[in-house]
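Asker: File follows, structure_24.csv with CSV, C-alpha atoms:
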chain,number,residue,atom,x,y,z
A,1,MET,CA,-5.9,-16.7,5.7
A,2,THR,CA,-2.4,-16.9,7.2
A,3,ALA,CA,-2.9,-20.5,8.3
A,4,ARG,CA,-4.3,-21.5,4.9
A,5,ALA,CA,-1.4,-19.8,3.1
A,6,SER,CA,1.1,-21.4,5.3
A,7,GLN,CA,-0.5,-24.8,4.8
A,8,ALA,CA,-0.5,-24.3,1.0
A,9,LEU,CA,3.2,-23.3,1.1
A,10,ILE,CA,4.1,-26.5,3.0
A,11,ILE,CA,2.1,-28.7,0.6
A,12,ALA,CA,3.8,-27.0,-2.4
A,13,LYS,CA,7.2,-27.5,-0.9
A,14,ASN,CA,6.4,-31.1,-0.2
A,15,MET,CA,5.5,-31.5,-3.9
A,16,SER,CA,8.9,-29.9,-4.7
A,17,LEU,CA,7.3,-27.2,-6.7
A,18,HIS,CA,10.0,-24.8,-5.4
A,19,ARG,CA,12.8,-27.0,-6.9
A,20,MET,CA,11.8,-27.1,-10.5
A,21,GLY,CA,14.3,-26.6,-13.3
A,22,LEU,CA,13.8,-25.6,-16.9
A,23,GLU,CA,11.4,-28.3,-17.8
A,24,ASN,CA,9.0,-27.5,-20.6
A,25,ASP,CA,6.3,-30.3,-20.5
A,26,THR,CA,2.6,-29.9,-20.6
A,27,PHE,CA,2.2,-28.9,-16.9
A,28,SER,CA,5.5,-27.1,-16.1
A,29,GLU,CA,4.1,-23.6,-16.6
A,30,ALA,CA,1.1,-24.4,-14.5
A,31,LYS,CA,3.4,-25.7,-11.7
A,32,ARG,CA,5.5,-22.6,-11.9
A,33,ARG,CA,2.5,-20.4,-11.5
A,34,ALA,CA,1.1,-22.5,-8.7
A,35,TRP,CA,4.4,-22.3,-6.8
A,36,TRP,CA,4.9,-18.5,-7.2
A,37,MET,CA,1.3,-17.6,-6.4
A,38,THR,CA,1.5,-19.8,-3.3
A,39,TYR,CA,4.7,-18.0,-2.4
A,40,PHE,CA,3.0,-14.6,-3.1
A,41,CYS,CA,0.0,-15.4,-0.8
A,42,ALA,CA,2.3,-16.5,2.1
A,43,HIS,CA,4.3,-13.3,1.8
A,44,LEU,CA,1.2,-11.2,1.4
A,45,CYS,CA,0.0,-12.5,4.7
A,46,SER,CA,3.2,-11.4,6.4
A,47,VAL,CA,2.8,-7.9,5.1
A,48,VAL,CA,-0.9,-7.6,6.1
A,49,ARG,CA,-0.2,-9.1,9.6
A,50,GLN,CA,3.1,-7.2,10.0
A,51,SER,CA,5.0,-10.4,10.9
A,52,ALA,CA,7.7,-12.6,9.5
A,53,CYS,CA,6.7,-14.9,6.7
A,54,LEU,CA,6.0,-18.4,8.0
A,55,ASN,CA,8.1,-21.2,6.4
A,56,VAL,CA,10.0,-18.9,4.1
A,57,ASP,CA,13.0,-17.4,5.8
A,58,ASP,CA,15.3,-17.5,2.8
A,59,ASP,CA,14.1,-18.0,-0.8
A,60,SER,CA,17.6,-18.0,-2.3
A,61,HIS,CA,17.5,-21.8,-2.6
A,62,PHE,CA,14.3,-21.8,-4.7
A,63,THR,CA,15.2,-22.9,-8.2
A,64,THR,CA,11.8,-22.7,-9.9
A,65,PRO,CA,11.9,-20.2,-12.7
A,66,TYR,CA,9.4,-17.4,-12.8
A,67,PRO,CA,6.3,-18.0,-15.0
A,68,ARG,CA,6.4,-16.3,-18.4
A,69,LEU,CA,3.9,-14.1,-20.0
A,70,GLU,CA,4.7,-13.7,-23.7
A,71,SER,CA,3.4,-10.1,-23.9
A,72,ASP,CA,5.5,-9.0,-20.9
A,73,PRO,CA,8.4,-11.4,-19.8
A,74,GLU,CA,9.2,-9.2,-16.8
A,75,ALA,CA,5.7,-9.0,-15.3
A,76,TRP,CA,6.1,-11.8,-12.8
A,77,LEU,CA,9.6,-10.7,-11.7
A,78,ILE,CA,8.4,-7.2,-11.0
A,79,PHE,CA,5.2,-8.4,-9.4
A,80,LEU,CA,7.1,-10.5,-6.9
A,81,GLU,CA,9.9,-8.0,-6.4
A,82,ALA,CA,7.3,-5.4,-5.3
A,83,LEU,CA,6.1,-7.9,-2.7
A,84,ARG,CA,9.6,-8.6,-1.5
A,85,ILE,CA,10.2,-4.9,-0.9
A,86,GLY,CA,6.9,-4.8,1.0
A,87,VAL,CA,8.1,-7.6,3.3
A,88,ALA,CA,11.4,-5.8,3.8
A,89,SER,CA,9.5,-2.6,4.7
A,90,VAL,CA,7.6,-4.5,7.4
A,91,LYS,CA,10.8,-5.7,9.0
A,92,PHE,CA,12.1,-2.1,8.8
A,93,THR,CA,9.1,-0.5,10.5
A,94,THR,CA,9.3,-3.1,13.3
A,95,SER,CA,13.0,-2.1,13.9
A,96,TYR,CA,12.2,1.6,13.5
A,97,ASP,CA,9.5,1.4,16.2
A,98,GLU,CA,11.8,-0.6,18.5
A,99,HIS,CA,14.7,1.9,18.1
A,100,LEU,CA,12.5,4.9,18.7
A,101,SER,CA,10.9,3.5,21.8
A,102,SER,CA,14.3,2.6,23.3
A,103,HIS,CA,16.0,5.8,22.1
A,104,ALA,CA,18.7,3.7,20.4
A,105,ASP,CA,21.1,4.9,17.8
A,106,MET,CA,19.0,5.4,14.6
A,107,SER,CA,21.9,5.7,12.1
A,108,ARG,CA,21.6,2.1,10.8
A,109,ILE,CA,17.8,2.4,10.6
A,110,PHE,CA,18.1,5.5,8.6
A,111,GLU,CA,20.5,3.8,6.2
A,112,GLN,CA,18.0,1.0,5.8
A,113,MET,CA,15.3,3.6,5.1
A,114,LYS,CA,17.3,5.2,2.3
A,115,MET,CA,18.2,1.8,0.8
A,116,LEU,CA,14.6,0.6,0.8
A,117,ASP,CA,13.4,3.9,-0.7
A,118,THR,CA,16.1,3.6,-3.5
A,119,TRP,CA,15.0,0.0,-4.1
A,120,VAL,CA,11.4,1.1,-4.5
A,121,LEU,CA,12.4,3.8,-7.0
A,122,GLU,CA,14.6,1.4,-9.0
A,123,VAL,CA,11.7,-1.1,-9.4
A,124,SER,CA,9.3,1.7,-10.2
A,125,VAL,CA,11.5,2.8,-13.1
A,126,ARG,CA,11.4,-0.8,-14.5
A,127,ILE,CA,7.6,-0.8,-14.2
A,128,GLU,CA,7.3,2.5,-16.1
A,129,SER,CA,9.7,1.3,-18.8
A,130,TYR,CA,7.0,-1.0,-20.1
A,131,VAL,CA,4.6,0.5,-22.7
A,132,PRO,CA,1.2,-1.3,-22.8
A,133,VAL,CA,-0.3,-2.0,-26.2
A,134,SER,CA,-3.5,-0.2,-25.3
A,135,SER,CA,-5.5,1.1,-22.3
A,136,SER,CA,-6.3,-1.4,-19.6
A,137,MET,CA,-10.0,-0.7,-19.8
A,138,GLU,CA,-9.9,-2.0,-23.4
A,139,LEU,CA,-8.1,-5.2,-22.7
A,140,ASP,CA,-10.0,-8.4,-22.6
A,141,PRO,CA,-9.2,-10.1,-19.2
A,142,ALA,CA,-9.2,-13.4,-21.0
A,143,TYR,CA,-5.9,-12.6,-22.7
A,144,GLU,CA,-2.6,-12.7,-20.8
A,145,SER,CA,-1.7,-9.2,-22.0
A,146,ALA,CA,-4.4,-8.0,-19.6
A,147,THR,CA,-2.9,-10.2,-16.8
A,148,ALA,CA,0.5,-8.6,-17.4
A,149,GLU,CA,-0.8,-5.1,-17.2
A,150,VAL,CA,-2.8,-5.8,-14.0
A,151,MET,CA,0.3,-7.3,-12.4
A,152,ARG,CA,2.2,-4.2,-13.2
A,153,ARG,CA,-0.6,-2.0,-11.8
A,154,LEU,CA,-0.7,-4.1,-8.6
A,155,ALA,CA,3.1,-3.8,-8.4
A,156,ARG,CA,2.8,0.0,-8.6
A,157,ILE,CA,0.2,0.0,-5.9
A,158,ARG,CA,2.3,-2.2,-3.6
A,159,LEU,CA,5.4,-0.1,-4.2
A,160,SER,CA,3.5,3.1,-3.4
A,161,SER,CA,2.2,1.5,-0.2
A,162,THR,CA,5.7,0.5,0.7
A,163,ARG,CA,6.9,4.1,0.4
A,164,ILE,CA,4.0,5.2,2.5
A,165,ARG,CA,5.0,2.7,5.2
A,166,LEU,CA,8.6,4.0,5.0
A,167,HIS,CA,7.7,7.7,5.3
A,168,ARG,CA,4.4,7.7,7.2
A,169,PHE,CA,5.9,8.2,10.7
A,170,ARG,CA,8.0,11.1,9.5
A,171,ALA,CA,5.1,12.7,7.7
A,172,PHE,CA,2.3,12.2,10.1
A,173,SER,CA,3.8,10.8,13.3
A,174,ASP,CA,1.6,7.8,12.8
A,175,MET,CA,-1.3,9.6,14.5
A,176,PRO,CA,-4.4,7.5,14.7
A,177,LEU,CA,-7.3,8.3,12.3
A,178,PHE,CA,-9.6,5.3,11.9
A,179,ALA,CA,-11.7,3.9,14.7
A,180,GLU,CA,-11.0,0.2,14.0
A,181,ASN,CA,-7.7,-1.6,13.7
A,182,HIS,CA,-6.9,-2.0,10.0
A,183,CYS,CA,-3.6,-3.3,8.7
A,184,ASP,CA,-0.8,-1.6,10.5
A,185,LEU,CA,-2.5,1.8,11.1
A,186,SER,CA,-2.7,3.0,14.6
A,187,VAL,CA,-6.0,3.3,16.4
A,188,PRO,CA,-7.0,5.9,19.0
A,189,ASN,CA,-6.8,5.0,22.7
A,190,THR,CA,-10.2,5.6,24.4
A,191,LEU,CA,-8.7,5.9,27.9
A,192,ASN,CA,-7.8,9.5,28.7
A,193,THR,CA,-5.0,8.6,31.1
A,194,ALA,CA,-3.4,6.2,28.6
A,195,SER,CA,-3.8,8.9,25.8
A,196,SER,CA,-2.0,11.4,28.0
A,197,VAL,CA,0.9,9.0,28.5
A,198,THR,CA,0.9,8.1,24.8
A,199,SER,CA,1.1,11.8,23.9
A,200,ASP,CA,4.0,12.4,26.2
A,201,ALA,CA,5.8,9.4,24.8
A,202,GLU,CA,5.1,10.6,21.2
A,203,ALA,CA,6.5,14.0,22.0
A,204,SER,CA,9.6,12.5,23.5
A,205,ILE,CA,10.1,10.3,20.5
A,206,ALA,CA,9.6,13.2,18.1
A,207,ALA,CA,12.2,15.3,19.9
A,208,TYR,CA,14.6,12.3,19.9
A,209,ASN,CA,13.9,11.7,16.2
A,210,MET,CA,14.9,15.3,15.4
A,211,ILE,CA,18.2,15.0,17.2
A,212,GLN,CA,19.0,11.9,15.1
A,213,SER,CA,18.9,13.8,11.8
A,214,PRO,CA,16.6,11.6,9.6
A,215,PRO,CA,17.6,11.3,5.9
A,216,PHE,CA,14.2,12.8,4.8
A,217,THR,CA,12.7,16.0,6.1
A,218,ASN,CA,9.1,16.1,7.3
A,219,ASP,CA,8.0,18.0,4.2
A,220,ARG,CA,9.8,15.6,1.9
A,221,SER,CA,8.3,12.6,3.5
A,222,THR,CA,4.8,14.2,3.3
A,223,GLU,CA,5.3,14.9,-0.4
A,224,ILE,CA,6.3,11.3,-1.0
A,225,CYS,CA,3.3,9.9,1.0
A,226,VAL,CA,0.8,12.1,-0.8
A,227,ALA,CA,2.2,11.3,-4.3
A,228,SER,CA,2.2,7.6,-3.4
A,229,ALA,CA,-1.4,7.7,-2.1
A,230,LEU,CA,-2.6,9.5,-5.3
A,231,THR,CA,-0.8,6.8,-7.4
A,232,ILE,CA,-2.6,4.1,-5.5
A,233,ALA,CA,-5.9,5.8,-6.1
A,234,ARG,CA,-5.3,6.2,-9.8
A,235,GLN,CA,-4.0,2.6,-10.3
A,236,LEU,CA,-7.0,1.2,-8.4
A,237,GLN,CA,-9.3,2.9,-10.8
A,238,ARG,CA,-7.4,1.7,-13.8
A,239,LEU,CA,-7.7,-2.0,-12.9
A,240,PRO,CA,-9.9,-3.6,-15.7
A,241,ILE,CA,-13.4,-4.6,-14.8
A,242,PRO,CA,-14.2,-8.2,-16.0
A,243,GLN,CA,-17.1,-8.3,-18.4
A,244,THR,CA,-19.8,-10.8,-17.4
A,245,SER,CA,-23.4,-11.5,-18.1
A,246,ASP,CA,-24.2,-11.6,-14.4
A,247,GLY,CA,-23.5,-8.0,-13.7
A,248,VAL,CA,-20.7,-6.2,-11.9
A,249,ILE,CA,-18.0,-8.4,-10.2
A,250,SER,CA,-14.8,-7.5,-8.4
A,251,ARG,CA,-12.0,-6.0,-10.5
A,252,ALA,CA,-9.5,-8.4,-9.0
A,253,MET,CA,-8.8,-10.4,-5.9
A,254,PRO,CA,-8.6,-7.8,-3.1
A,255,THR,CA,-4.9,-8.2,-2.3
A,256,CYS,CA,-4.3,-4.5,-2.1
A,257,THR,CA,-7.0,-3.4,0.3
A,258,CYS,CA,-4.4,-2.5,3.0
A,259,CYS,CA,-2.7,-0.4,0.3
A,260,ALA,CA,-6.0,1.4,-0.1
A,261,MET,CA,-6.3,2.0,3.6
A,262,GLN,CA,-2.8,3.4,3.7
A,263,ALA,CA,-3.5,5.7,0.9
A,264,SER,CA,-6.8,6.9,2.5
A,265,TYR,CA,-5.0,7.6,5.7
A,266,VAL,CA,-2.4,9.8,3.9
A,267,LEU,CA,-5.0,11.7,1.9
A,268,LEU,CA,-7.1,12.4,5.0
A,269,MET,CA,-4.2,13.3,7.2
A,270,GLN,CA,-2.8,15.7,4.5
A,271,PHE,CA,-6.2,17.4,4.4
A,272,TYR,CA,-6.2,17.9,8.1
A,273,LYS,CA,-2.7,19.2,7.9
A,274,LEU,CA,-3.8,21.8,5.4
A,275,HIS,CA,-6.8,22.6,7.5
A,276,ALA,CA,-4.6,23.2,10.6
A,277,ILE,CA,-2.1,25.5,8.9
A,278,LEU,CA,-4.6,27.7,7.0
A,279,PRO,CA,-5.8,30.7,8.9
A,280,ALA,CA,-9.3,30.3,10.1
A,281,ALA,CA,-10.4,33.6,8.5
A,282,ARG,CA,-9.3,32.4,5.1
A,283,ILE,CA,-11.1,29.1,5.5
A,284,SER,CA,-14.4,30.7,6.6
A,285,SER,CA,-14.3,33.3,3.8
A,286,GLY,CA,-13.3,30.7,1.2
A,287,ASP,CA,-10.2,32.8,0.4
A,288,LEU,CA,-7.9,29.9,-0.7
A,289,SER,CA,-5.1,30.0,-3.2
A,290,VAL,CA,-5.4,28.2,-6.5
A,291,ASP,CA,-2.7,25.8,-5.5
A,292,THR,CA,-4.5,25.0,-2.2
A,293,GLU,CA,-7.8,24.5,-3.9
A,294,ARG,CA,-6.2,22.2,-6.5
A,295,LEU,CA,-4.5,20.1,-3.8
A,296,ILE,CA,-7.7,19.8,-1.8
A,297,ASP,CA,-9.5,18.8,-5.0
A,298,GLU,CA,-6.8,16.1,-5.7
A,299,LEU,CA,-7.2,14.8,-2.2
A,300,ARG,CA,-10.9,14.6,-2.5
A,301,HIS,CA,-10.9,12.9,-5.9
A,302,GLY,CA,-8.2,10.4,-4.7
A,303,LEU,CA,-10.4,9.4,-1.8
A,304,GLU,CA,-13.5,9.1,-4.1
A,305,ASP,CA,-11.5,6.8,-6.4
A,306,ILE,CA,-10.5,4.6,-3.5
A,307,ILE,CA,-14.0,4.4,-2.2
A,308,VAL,CA,-15.3,3.4,-5.6
A,309,ALA,CA,-12.6,0.7,-5.8
A,310,MET,CA,-13.4,-0.6,-2.3
A,311,ASN,CA,-17.1,-0.6,-3.2
A,312,ASN,CA,-16.3,-2.8,-6.1
A,313,PHE,CA,-14.2,-5.2,-4.0
A,314,ALA,CA,-16.9,-5.4,-1.4
A,315,VAL,CA,-19.3,-6.7,-4.1
A,316,SER,CA,-17.6,-10.1,-4.0
A,317,PHE,CA,-15.9,-9.9,-0.6
A,318,GLU,CA,-18.2,-8.7,2.2
A,319,ALA,CA,-15.4,-8.5,4.8
A,320,ILE,CA,-14.0,-5.4,3.0
A,321,ALA,CA,-17.2,-3.5,3.6
A,322,GLY,CA,-16.0,-2.5,7.1
A,323,MET,CA,-12.8,-1.0,5.7
A,324,ARG,CA,-14.8,0.8,3.0
A,325,ASP,CA,-17.2,2.2,5.5
A,326,GLU,CA,-14.4,3.6,7.7
A,327,ILE,CA,-12.9,5.4,4.7
A,328,GLU,CA,-16.3,6.7,3.6
A,329,ILE,CA,-17.2,8.0,7.0
A,330,ALA,CA,-13.9,9.7,7.5
A,331,TYR,CA,-14.2,11.2,4.0
A,332,HIS,CA,-17.6,12.7,4.7
A,333,VAL,CA,-16.5,14.0,8.0
A,334,ALA,CA,-13.4,15.7,6.6
A,335,PHE,CA,-14.9,17.2,3.5
A,336,ALA,CA,-18.4,18.2,4.6
A,337,TYR,CA,-17.3,21.5,6.0
A,338,MET,CA,-14.7,22.2,3.3
A,339,ALA,CA,-17.2,21.5,0.5
A,340,THR,CA,-19.5,24.1,2.1
A,341,VAL,CA,-16.7,26.6,2.2
A,342,LEU,CA,-15.5,26.1,-1.4
A,343,LYS,CA,-19.1,26.6,-2.7
A,344,LYS,CA,-19.3,30.2,-1.3
Any chance you could put this one into structure tokens?
Answerer:
Amino acid sequence: MTARASQALIIAKNMSLHRMGLENDTFSEAKRRAWWMTYFCAHLCSVVRQSACLNVDDDSHFTTPYPRLESDPEAWLIFLEALRIGVASVKFTTSYDEHLSSHADMSRIFEQMKMLDTWVLEVSVRIESYVPVSSSMELDPAYESATAEVMRRLARIRLSSTRIRLHRFRAFSDMPLFAENHCDLSVPNTLNTASSVTSDAEASIAAYNMIQSPPFTNDRSTEICVASALTIARQLQRLPIPQTSDGVISRAMPTCTCCAMQASYVLLMQFYKLHAILPAARISSGDLSVDTERLIDELRHGLEDIIVAMNNFAVSFEAIAGMRDEIEIAYHVAFAYMATVLKK
């Protein structure tokens, strides 16, 4: 995918699609959309692969105006801005890891963290300021009003995923959960000796991190991650389903599957956190507070929504089935025991 996106970007630039002006001929809008979607795909690859975007180091010289949707003139701007923040967060996490590993001064990194978090919140406010004319499930995907709303929903998903990326290490120490390597999530080391070394290194990093006074507490980062993960789950479920005579098809191109994996990771890790801090006697007797039961219920429903969405994506894109299966297995392992407890 990365090679294809890079190739498409080069072709688009050779066609000067990135240097358009305010032309308004028959094909100008189509050219604008072709350019910015090519740009989107190239940057999306950089987020998924956790690497710098090929052939696009600086987009300040691009003159092509954003495409326009009459029902929502800001949709394209917000859609692409959410992606740019995602790219910036990838660069941030790379620097974060390097500074932690080398025990370097983290003050500049923490400033970047605050700046990126503020940037996410600012764009989120702009997303929420738009009031759709009706529920997305009632919109006909043939109309551009549906396109605009989907773009805003995808932007919400991407911004929430970016916040998870910014806060995941503080909240969960980036502990591995899934067996396979998906997106930028850590995987467990099967070698005991290596695991021991890794654990020692993580403990050292955690102690060093505390000395550096991060801008967000562990609890605050956890709250942000959980809220962001639940937002992703809700927005995935609210993407409209195209109506066809051939049966169910995918809600949209699966450009946010890594966001779904990030959200699943957070919801599962938060469940295990709760399980770890609750006294064993209270768990075995089912003596849980109303707030705890409500939170567990939210975590479970969030994961179920994500699994349903991934099932839908996998209808048209078989490669996603592996990611869906990982989430589903982890979900059943985590909640099988708790479901038994809560039924008592």
Asker: I'd like the contact shell of range 79-82 of chain A - 9 Å cut-off, only C-alpha atoms, skipping same-chain residues fewer than 3 positions apart - returned as a list in words.
Answerer: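 The residues that qualify are Trp36, Phe40, Glu74, Ala75, Trp76, Ile85, Gly86, Val87, Val120, Val123, Ser124, Met151, Arg152, Arg153, Leu154, Ala155, Arg156, Ile157, Arg158, Leu159 and Thr162 of chain A.
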Asker: Rank nothing, just name the residue among A:Met113, A:Leu83, A:Ala3, A:Ala334 nearest to Ser95 in chain A, using all atoms listed in the file.
Answerer: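 So, comparing all the options, the nearest one is A:Met113.
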Asker: Write out as a list in words each polymer residue whose atoms come within 12 Å of Thr64 in chain A, counting all atoms listed in the file; drop sequence neighbours fewer than 5 positions from it.
Answerer: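 Residues meeting the cut-off are Ala12, Lys13, Ser16, Leu17, His18, Arg19, Met20, Gly21, Leu22, Glu23, Ser28, Glu29, Ala30, Lys31, Arg32, Arg33, Ala34, Trp35, Trp36, Tyr39 and Asp59 of chain A.
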Asker: Could you check which of A:Ser60, A:Val226, A:Asn24, A:His43 is closest to Leu9 in chain A, using all atoms listed in the file?
Answerer: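 Distance minimum relative to Leu9 in chain A lands on A:His43.
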Asker: Excluding same-chain residues fewer than 6 positions from range 176-188 of chain A, what lies within 9 Å of it counting only C-alpha atoms, as a VMD selection string?
Answerer: chain A and resid 47 to 50 165 195 258 to 259 261 to 262 265 268 to 269 322 to 323 326 to 327 330
Asker: Using Å and a single decimal, report how far CA of Asn311 in chain A sits from CA of Leu239 in chain A.
Answerer: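 Value for the CA of Leu239 in chain A-CA of Asn311 in chain A distance: 13.6 Å.
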Asker: Using CA of Asn218 in chain A and CA of Lys273 in chain A as the two end points, give the distance in Å to one decimal.
Answerer: 12.2 Å
Asker: Quick one: pull the distance between CA of Leu116 in chain A and CA of Phe92 in chain A, Å, one decimal.
Answerer: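 Distance between the two atoms: 8.8 Å.
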Asker: With all atoms listed in the file as the basis for distance, which of A:Ala229, A:Trp119, A:Pro240, A:Pro254 is at the shortest distance from Ser316 in chain A?
Answerer: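 Using all atoms listed in the file, Ser316 in chain A sits closest to A:Pro254.
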Asker: Show which residues sit within 10 Å of Phe110 in chain A, as JSON, numbers by chain. Count all atoms listed in the file, and ignore same-chain residues fewer than 5 positions away.
Answerer: {"A": [92, 96, 105, 115, 116, 212, 213, 214, 215, 216]}
Asker: What's the 12 Å shell around Glu223 in chain A, counting all atoms listed in the file, without same-chain residues fewer than 4 positions away, as a ChimeraX atom specification?
Answerer: /A:163-164,167-168,170-172,216-219,227-230,266-267,270,295
Asker: Which polymer residues, whether protein, DNA or RNA, lie within 10 Å of the coordinate (-13.0, 1.1, 0.0) when you count only C-alpha atoms? List them as a PyMOL selection string, using the chain letters and numbers from the file.
Answerer: chain A and resi 257-258+260-261+264+303-314+320-328
Asker: With C-alpha atoms retained, could you export that selection as a JSON list (two decimals), keeping the file's coordinate frame?
Answerer:
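Contents of again-v2.json, freshly written:
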[["chain", "number", "residue", "atom", "x", "y", "z"],
["A", 257, "THR", "CA", -7.00, -3.40, 0.30],
["A", 258, "CYS", "CA", -4.40, -2.50, 3.00],
["A", 260, "ALA", "CA", -6.00, 1.40, -0.10],
["A", 261, "MET", "CA", -6.30, 2.00, 3.60],
["A", 264, "SER", "CA", -6.80, 6.90, 2.50],
["A", 303, "LEU", "CA", -10.40, 9.40, -1.80],
["A", 304, "GLU", "CA", -13.50, 9.10, -4.10],
["A", 305, "ASP", "CA", -11.50, 6.80, -6.40],
["A", 306, "ILE", "CA", -10.50, 4.60, -3.50],
["A", 307, "ILE", "CA", -14.00, 4.40, -2.20],
["A", 308, "VAL", "CA", -15.30, 3.40, -5.60],
["A", 309, "ALA", "CA", -12.60, 0.70, -5.80],
["A", 310, "MET", "CA", -13.40, -0.60, -2.30],
["A", 311, "ASN", "CA", -17.10, -0.60, -3.20],
["A", 312, "ASN", "CA", -16.30, -2.80, -6.10],
["A", 313, "PHE", "CA", -14.20, -5.20, -4.00],
["A", 314, "ALA", "CA", -16.90, -5.40, -1.40],
["A", 320, "ILE", "CA", -14.00, -5.40, 3.00],
["A", 321, "ALA", "CA", -17.20, -3.50, 3.60],
["A", 322, "GLY", "CA", -16.00, -2.50, 7.10],
["A", 323, "MET", "CA", -12.80, -1.00, 5.70],
["A", 324, "ARG", "CA", -14.80, 0.80, 3.00],
["A", 325, "ASP", "CA", -17.20, 2.20, 5.50],
["A", 326, "GLU", "CA", -14.40, 3.60, 7.70],
["A", 327, "ILE", "CA", -12.90, 5.40, 4.70],
["A", 328, "GLU", "CA", -16.30, 6.70, 3.60]]
Asker: Could you check which of A:Thr231, A:Phe62, A:Glu318, A:Leu274 is closest to Ser161 in chain A, using all atoms listed in the file?
Answerer: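 For Ser161 in chain A, the nearest of the candidates is A:Thr231.
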